>>> print(open('run_26.tsv').read())   # TSV, C-alpha atoms
chain	number	residue	atom	x	y	z
A	851	MET	CA	-70.99	40.79	57.19
A	852	GLY	CA	-69.44	44.12	56.34
A	853	VAL	CA	-65.82	45.08	56.73
A	854	ASP	CA	-66.77	47.36	59.64
A	855	ALA	CA	-66.99	44.21	61.79
A	856	PHE	CA	-63.58	43.00	60.67
A	857	SER	CA	-61.46	43.26	63.83
A	858	ILE	CA	-58.11	41.50	64.27
A	859	ARG	CA	-56.07	41.07	67.41
A	860	ALA	CA	-52.47	42.23	67.00
A	861	PRO	CA	-49.86	39.43	67.02
A	862	ARG	CA	-48.08	38.80	70.32
A	863	ARG	CA	-44.52	39.26	69.19
A	864	GLU	CA	-42.85	37.94	72.30
A	865	ARG	CA	-44.76	34.63	72.25
A	866	SER	CA	-43.89	33.42	68.76
A	867	SER	CA	-40.74	32.73	66.81
A	868	ASP	CA	-42.58	33.15	63.51
A	869	PRO	CA	-41.86	36.30	61.46
A	870	LEU	CA	-44.25	39.15	62.15
A	871	TRP	CA	-45.66	39.03	58.60
A	872	SER	CA	-46.46	35.31	59.08
A	873	GLN	CA	-48.25	35.99	62.37
A	874	ALA	CA	-50.22	38.77	60.70
A	875	SER	CA	-51.12	36.47	57.80
A	876	ASP	CA	-52.42	33.83	60.23
A	877	ALA	CA	-54.45	36.46	62.11
A	878	ILE	CA	-56.09	37.73	58.91
A	879	LEU	CA	-56.88	34.19	57.74
A	880	GLU	CA	-58.40	33.32	61.12
A	881	GLN	CA	-60.66	36.37	60.92
A	882	ILE	CA	-61.71	35.54	57.35
A	883	GLU	CA	-62.63	32.00	58.42
A	884	SER	CA	-64.38	33.05	61.65
A	885	GLN	CA	-66.59	35.51	59.77
A	886	GLU	CA	-67.17	32.99	56.96
A	887	LEU	CA	-66.47	35.69	54.38
A	888	THR	CA	-67.65	34.64	50.94
A	889	ALA	CA	-65.73	34.88	47.68
A	890	GLY	CA	-65.50	38.49	46.56
A	891	ALA	CA	-65.78	40.00	50.05
A	892	LYS	CA	-63.55	43.03	50.44
A	893	LEU	CA	-61.11	43.45	53.32
A	894	PRO	CA	-60.83	46.77	55.20
A	895	PRO	CA	-58.37	49.39	53.86
A	896	GLU	CA	-54.67	48.78	54.47
A	897	ARG	CA	-54.47	51.73	56.86
A	898	GLU	CA	-57.13	50.14	59.08
A	899	LEU	CA	-55.49	46.71	58.96
A	900	CYS	CA	-52.11	48.19	59.89
A	901	ALA	CA	-53.67	49.90	62.91
A	902	GLN	CA	-55.46	46.75	64.08
A	903	LEU	CA	-52.38	44.56	63.68
A	904	ASP	CA	-49.92	47.23	64.88
A	905	ILE	CA	-47.60	46.60	61.94
A	906	SER	CA	-46.11	48.61	59.11
A	907	ARG	CA	-47.62	48.69	55.64
A	908	VAL	CA	-44.58	46.83	54.27
A	909	THR	CA	-45.18	43.99	56.76
A	910	LEU	CA	-48.91	44.00	56.03
A	911	ARG	CA	-48.41	43.73	52.28
A	912	LYS	CA	-46.05	40.80	52.75
A	913	ALA	CA	-48.72	39.07	54.84
A	914	LEU	CA	-51.44	39.81	52.29
A	915	SER	CA	-49.23	38.73	49.37
A	916	HIS	CA	-48.62	35.43	51.14
A	917	LEU	CA	-52.39	34.88	51.33
A	918	VAL	CA	-52.62	35.67	47.61
A	919	ASP	CA	-49.97	33.01	46.93
A	920	GLN	CA	-52.03	30.55	48.99
A	921	GLY	CA	-55.13	31.28	46.93
A	922	ILE	CA	-56.97	32.87	49.89
A	923	LEU	CA	-57.00	36.47	48.62
A	924	THR	CA	-56.81	38.35	45.35
A	925	ALA	CA	-55.54	41.90	44.83
A	926	SER	CA	-57.09	44.54	42.60
A	927	HIS	CA	-54.91	47.55	41.91
A	928	GLY	CA	-56.54	50.66	43.29
A	929	ARG	CA	-59.50	48.76	44.73
A	930	GLY	CA	-58.06	46.69	47.56
A	931	TRP	CA	-57.88	43.08	48.73
A	932	PHE	CA	-60.64	40.52	48.24
A	933	VAL	CA	-61.44	36.96	49.32
A	934	ALA	CA	-60.59	34.70	46.39
A	935	GLN	CA	-62.89	32.43	44.45
A	936	PRO	CA	-62.81	28.76	45.53
A	937	VAL	CA	-60.17	26.54	43.97
A	938	ALA	CA	-60.83	22.86	43.40
A	939	ALA	CA	-57.84	20.63	44.04
A	940	ARG	CA	-57.74	17.42	41.98
A	941	GLU	CA	-55.53	14.52	42.81
A	942	TRP	CA	-53.81	13.51	39.55
A	943	PRO	CA	-53.52	10.90	38.24
A	944	ASN	CA	-55.17	8.52	40.72
A	945	ASP	CA	-58.15	7.18	38.82
A	946	LEU	CA	-60.50	7.87	35.95
A	947	GLU	CA	-62.95	10.14	37.72
A	948	SER	CA	-65.65	12.45	36.39
A	949	PHE	CA	-65.88	16.15	37.14
A	950	THR	CA	-69.08	15.44	39.08
A	951	THR	CA	-67.49	12.72	41.22
A	952	THR	CA	-64.48	14.93	41.94
A	953	ALA	CA	-66.79	17.76	43.03
A	954	HIS	CA	-68.76	15.52	45.39
A	955	ARG	CA	-65.54	14.12	46.85
A	956	LYS	CA	-64.46	17.69	47.59
A	957	HIS	CA	-67.89	18.51	49.09
A	958	MET	CA	-68.66	20.99	46.31
A	959	ARG	CA	-71.77	21.43	44.14
A	960	PRO	CA	-71.24	20.70	40.42
A	961	SER	CA	-73.38	22.05	37.59
A	962	SER	CA	-73.04	22.82	33.89
A	963	LEU	CA	-74.15	25.33	31.29
A	964	VAL	CA	-74.71	23.43	28.05
A	965	LEU	CA	-73.42	25.47	25.11
A	966	ARG	CA	-73.77	22.81	22.43
A	967	GLN	CA	-75.37	19.37	22.24
A	968	THR	CA	-75.68	18.36	18.61
A	969	VAL	CA	-75.08	15.34	16.38
A	970	GLU	CA	-72.84	16.14	13.41
A	971	ALA	CA	-70.67	14.24	10.94
A	972	ALA	CA	-67.11	13.55	12.09
A	973	SER	CA	-64.38	15.61	10.48
A	974	LEU	CA	-61.16	13.90	9.41
A	975	ASP	CA	-59.39	14.92	12.63
A	976	GLU	CA	-62.30	13.86	14.82
A	977	ALA	CA	-62.59	10.54	13.02
A	978	ASP	CA	-58.88	9.94	13.52
A	979	ARG	CA	-59.13	10.61	17.26
A	980	LEU	CA	-61.97	8.13	17.73
A	981	GLY	CA	-60.86	5.57	15.17
A	982	VAL	CA	-64.07	5.82	13.12
A	983	PRO	CA	-64.72	6.63	9.44
A	984	ALA	CA	-64.99	10.29	8.49
A	985	GLY	CA	-68.63	11.33	8.37
A	986	THR	CA	-69.66	9.08	11.28
A	987	PRO	CA	-72.37	10.84	13.33
A	988	LEU	CA	-70.80	12.20	16.52
A	989	LEU	CA	-72.41	13.79	19.54
A	990	HIS	CA	-70.70	17.13	20.18
A	991	LEU	CA	-71.18	18.15	23.81
A	992	GLU	CA	-69.79	21.49	24.97
A	993	ARG	CA	-70.32	22.67	28.54
A	994	VAL	CA	-69.15	25.31	30.98
A	995	ARG	CA	-68.44	23.39	34.20
A	996	LEU	CA	-69.18	25.11	37.52
A	997	LEU	CA	-68.39	24.42	41.16
A	998	ASN	CA	-70.59	26.19	43.71
A	999	ASP	CA	-71.81	28.38	40.81
A	1000	VAL	CA	-68.24	29.50	39.97
A	1001	ARG	CA	-67.13	28.88	36.36
A	1002	ILE	CA	-64.20	26.47	36.45
A	1003	ALA	CA	-63.75	25.05	32.95
A	1004	VAL	CA	-65.05	24.69	29.40
A	1005	ASP	CA	-65.40	21.03	28.40
A	1006	ARG	CA	-65.69	19.96	24.74
A	1007	THR	CA	-66.41	16.26	24.21
A	1008	ILE	CA	-67.11	14.09	21.16
A	1009	ILE	CA	-68.51	10.55	21.19
A	1010	ALA	CA	-70.02	8.26	18.57
A	1011	ALA	CA	-73.75	9.04	18.55
A	1012	ALA	CA	-74.70	5.41	17.85
A	1013	LEU	CA	-72.95	4.28	21.04
A	1014	VAL	CA	-75.64	5.70	23.31
A	1015	PRO	CA	-78.44	7.40	21.28
A	1016	ALA	CA	-80.15	8.67	24.45
A	1017	LEU	CA	-77.23	10.99	25.19
A	1018	ALA	CA	-78.29	13.33	22.39
A	1019	THR	CA	-81.29	14.47	24.45
A	1020	ALA	CA	-80.00	13.94	28.01
A	1021	ASP	CA	-80.02	16.92	30.38
A	1022	PHE	CA	-76.33	17.57	30.91
A	1023	GLY	CA	-77.02	20.70	32.91
A	1024	SER	CA	-76.97	18.38	35.91
A	1025	ALA	CA	-76.21	14.90	34.56
A	1026	SER	CA	-72.72	13.37	34.53
A	1027	LEU	CA	-71.55	12.02	31.16
A	1028	PHE	CA	-69.47	9.29	32.80
A	1029	GLU	CA	-72.40	8.17	34.95
A	1030	ALA	CA	-74.74	8.19	31.95
A	1031	LEU	CA	-72.33	5.96	30.02
A	1032	ARG	CA	-71.86	3.55	32.91
A	1033	ALA	CA	-75.63	3.37	33.42
A	1034	GLN	CA	-75.83	2.02	29.86
A	1035	GLY	CA	-73.24	-0.64	30.64
A	1036	ILE	CA	-70.36	1.14	28.90
A	1037	GLU	CA	-67.14	0.65	30.84
A	1038	LEU	CA	-64.44	3.33	30.82
A	1039	SER	CA	-61.04	1.71	31.17
A	1040	ARG	CA	-58.19	4.19	30.73
A	1041	SER	CA	-57.41	7.69	29.58
A	1042	MET	CA	-54.51	8.93	27.46
A	1043	ALA	CA	-54.05	12.58	28.37
A	1044	THR	CA	-51.80	15.54	27.81
A	1045	ILE	CA	-51.74	18.72	29.91
A	1046	GLU	CA	-50.38	22.09	28.88
A	1047	ALA	CA	-50.59	25.73	29.91
A	1048	ARG	CA	-52.02	28.37	27.60
A	1049	SER	CA	-53.53	31.83	27.82
A	1050	ALA	CA	-57.26	32.43	27.38
A	1051	ASP	CA	-58.49	33.98	24.16
A	1052	LYS	CA	-61.45	36.37	24.31
A	1053	GLU	CA	-64.09	33.70	23.62
A	1054	LEU	CA	-62.81	31.40	26.36
A	1055	ALA	CA	-62.31	34.33	28.75
A	1056	ASP	CA	-65.92	35.41	28.24
A	1057	ARG	CA	-67.21	31.92	28.94
A	1058	LEU	CA	-65.11	31.53	32.09
A	1059	GLU	CA	-65.62	35.16	33.16
A	1060	ILE	CA	-61.87	35.79	33.39
A	1061	GLU	CA	-59.59	38.32	31.73
A	1062	PRO	CA	-58.33	37.63	28.17
A	1063	GLY	CA	-54.76	36.37	28.42
A	1064	ALA	CA	-55.33	34.83	31.86
A	1065	PRO	CA	-53.67	31.43	32.35
A	1066	VAL	CA	-55.63	28.27	31.58
A	1067	LEU	CA	-54.72	24.63	32.04
A	1068	VAL	CA	-55.69	22.50	29.04
A	1069	LEU	CA	-56.40	18.78	29.50
A	1070	ASP	CA	-56.69	16.90	26.21
A	1071	GLN	CA	-57.69	13.25	26.59
A	1072	THR	CA	-59.00	10.18	24.82
A	1073	ILE	CA	-60.80	7.60	26.94
A	1074	HIS	CA	-60.70	3.95	25.92
A	1075	ALA	CA	-62.81	0.86	26.54
A	1076	PRO	CA	-61.30	-2.30	28.08
A	1077	ASP	CA	-60.70	-3.64	24.55
A	1078	GLN	CA	-58.65	-0.47	23.82
A	1079	ARG	CA	-61.23	1.07	21.47
A	1080	PRO	CA	-61.44	4.88	21.79
A	1081	LEU	CA	-64.81	5.75	23.32
A	1082	LEU	CA	-64.71	9.51	23.59
A	1083	ALA	CA	-62.34	12.43	23.24
A	1084	SER	CA	-62.44	15.67	25.17
A	1085	THR	CA	-60.60	18.94	25.61
A	1086	VAL	CA	-61.11	20.67	28.95
A	1087	GLU	CA	-59.81	24.20	29.54
A	1088	TYR	CA	-59.57	25.04	33.24
A	1089	SER	CA	-59.18	28.51	34.69
A	1090	GLY	CA	-55.66	28.53	36.11
A	1091	GLU	CA	-56.83	30.64	39.06
A	1092	ARG	CA	-59.66	28.30	40.03
A	1093	TYR	CA	-58.43	24.77	39.43
A	1094	ARG	CA	-55.33	22.95	40.56
A	1095	LEU	CA	-53.95	19.55	39.61
A	1096	ARG	CA	-51.95	17.88	42.34
A	1097	THR	CA	-49.99	14.64	42.31
A	1098	THR	CA	-47.55	12.73	44.47
A	1099	LEU	CA	-44.14	11.63	43.17
A	1100	ALA	CA	-41.89	9.14	44.90
A	1101	SER	CA	-38.21	8.39	44.50
A	1102	SER	CA	-37.39	5.12	42.77
A	1103	ASN	CA	-35.34	4.34	45.88
A	1104	ASP	CA	-38.61	3.94	47.75
A	1105	ALA	CA	-39.83	1.22	45.36
A	1106	PRO	CA	-40.24	-2.27	46.87
A	1107	ARG	CA	-37.24	-4.56	46.41
A	1108	ARG	CA	-37.48	-8.23	45.80
>>> encode(input="run_26.tsv", output="structure tokens")
Amino acid sequence: MGVDAFSIRAPRRERSSDPLWSQASDAILEQIESQELTAGAKLPPERELCAQLDISRVTLRKALSHLVDQGILTASHGRGWFVAQPVAAREWPNDLESFTTTAHRKHMRPSSLVLRQTVEAASLDEADRLGVPAGTPLLHLERVRLLNDVRIAVDRTIIAAALVPALATADFGSASLFEALRAQGIELSRSMATIEARSADKELADRLEIEPGAPVLVLDQTIHAPDQRPLLASTVEYSGERYRLRTTLASSNDAPRR
């Protein structure tokens, strides 16, 4: 649907105690949702939006900026306002859950572009991470992870090749690594993880189709078996604009008392 059909009813000032910019923001969001505008769709020019909403450009920009903060819109200098790419929210840390399972729980379609799937000798650092001798054959699996065909992250994983030989030829364009391991009777018990913010270098930016220097969220983890042996190690670099980690914290005062 083109922007010519984008028509918004002006806020009824006398019937709401909300600020005018907030009413305008709600009206724009309602129109976006009612038209089911897809990611990348462009909104009408500011002049047209101001006329439809009967508000000033200052008020309009505050409303639009609020929608940017909420992840609904993006702004492009000199080009206008656009519907943002989808953002996947991940509850963290609740359980040890695969990217595929998270996507299905959020009613999104996961897929992967396999960049590397080779068996190579472990370097000293890789051997140290997995607790194996240097030179041990490791499966190196590198994938671009997508949700609804939008590039979300680059995932680099290493695992002892002898653990599950079939993984070396598995189709990880659609298959889940966690599910493949569990299908072979390998139980994943716990993950030791660190999270930090970085900026994307050119190689990562190209793979995620974002600008160099854009923020990325880096999850570095080692997953252990029930007997505490390291099973696999991975580094996942998420686009900061497309992925969000969310958790719930409680005051110690709310803890049960005996």
>>> closest_residue(input="run_26.tsv", among="A:Glu883, A:Asp919, A:Glu970, A:Glu1029", to="Thr951 (chain A)", atoms="only C-alpha atoms")
A:Glu1029
>>> closest_residue(input="run_26.tsv", among="A:Gly1023, A:Pro1065, A:Pro983, A:Gly930", to="Leu963 (chain A)", atoms="only C-alpha atoms")
A:Gly1023
>>> residues_around(input="run_26.tsv", residues="region 901-907 of chain A", least_positions_apart="6", cutoff="10 Å", atoms="all atoms listed in the file", output="list in words")
Phe856, Ser857, Ile858, Arg859, Ala860, Pro861, Arg862, Leu870, Trp871, Gln873, Ala874, Ala877, Ile878 and Ala913 of chain A
>>> atom_distance(input="run_26.tsv", atom1="CA of Leu1054 (chain A)", atom2="CA of Glu1087 (chain A)")
8.4 Å
>>> closest_residue(input="run_26.tsv", among="A:Leu914, A:Val1066, A:Ile1008, A:Leu879", to="Arg979 (chain A)", atoms="only C-alpha atoms")
A:Ile1008
>>> atom_distance(input="run_26.tsv", atom1="CA of Arg1006 (chain A)", atom2="CA of Ser1084 (chain A)")
5.4 Å
>>> atom_distance(input="run_26.tsv", atom1="CA of Ile1036 (chain A)", atom2="CA of Val1014 (chain A)")
8.9 Å
>>> closest_residue(input="run_26.tsv", among="A:Ala1083, A:Val918, A:Ala1050, A:Val908", to="Glu976 (chain A)", atoms="only C-alpha atoms")
A:Ala1083
>>> axis_aligned_box(input="run_26.tsv", around="region 1046-1062 of chain A", padding_each_side="4 Å", output="lines of an AutoDock Vina configuration file")
center_x = -58.8
center_y = 30.2
center_z = 28.5
size_x = 24.8
size_y = 24.2
size_z = 17.8
>>> residues_around(input="run_26.tsv", residues="Phe1028 (chain A)", least_positions_apart="2", cutoff="9 Å", atoms="only C-alpha atoms", output="PyMOL selection string")
chain A and resi 947-950+1025-1026+1030-1033+1038
>>> closest_residue(input="run_26.tsv", among="A:Thr1085, A:Gln1078, A:Ser1049, A:Ser872", to="Glu1037 (chain A)", atoms="all atoms listed in the file")
A:Gln1078
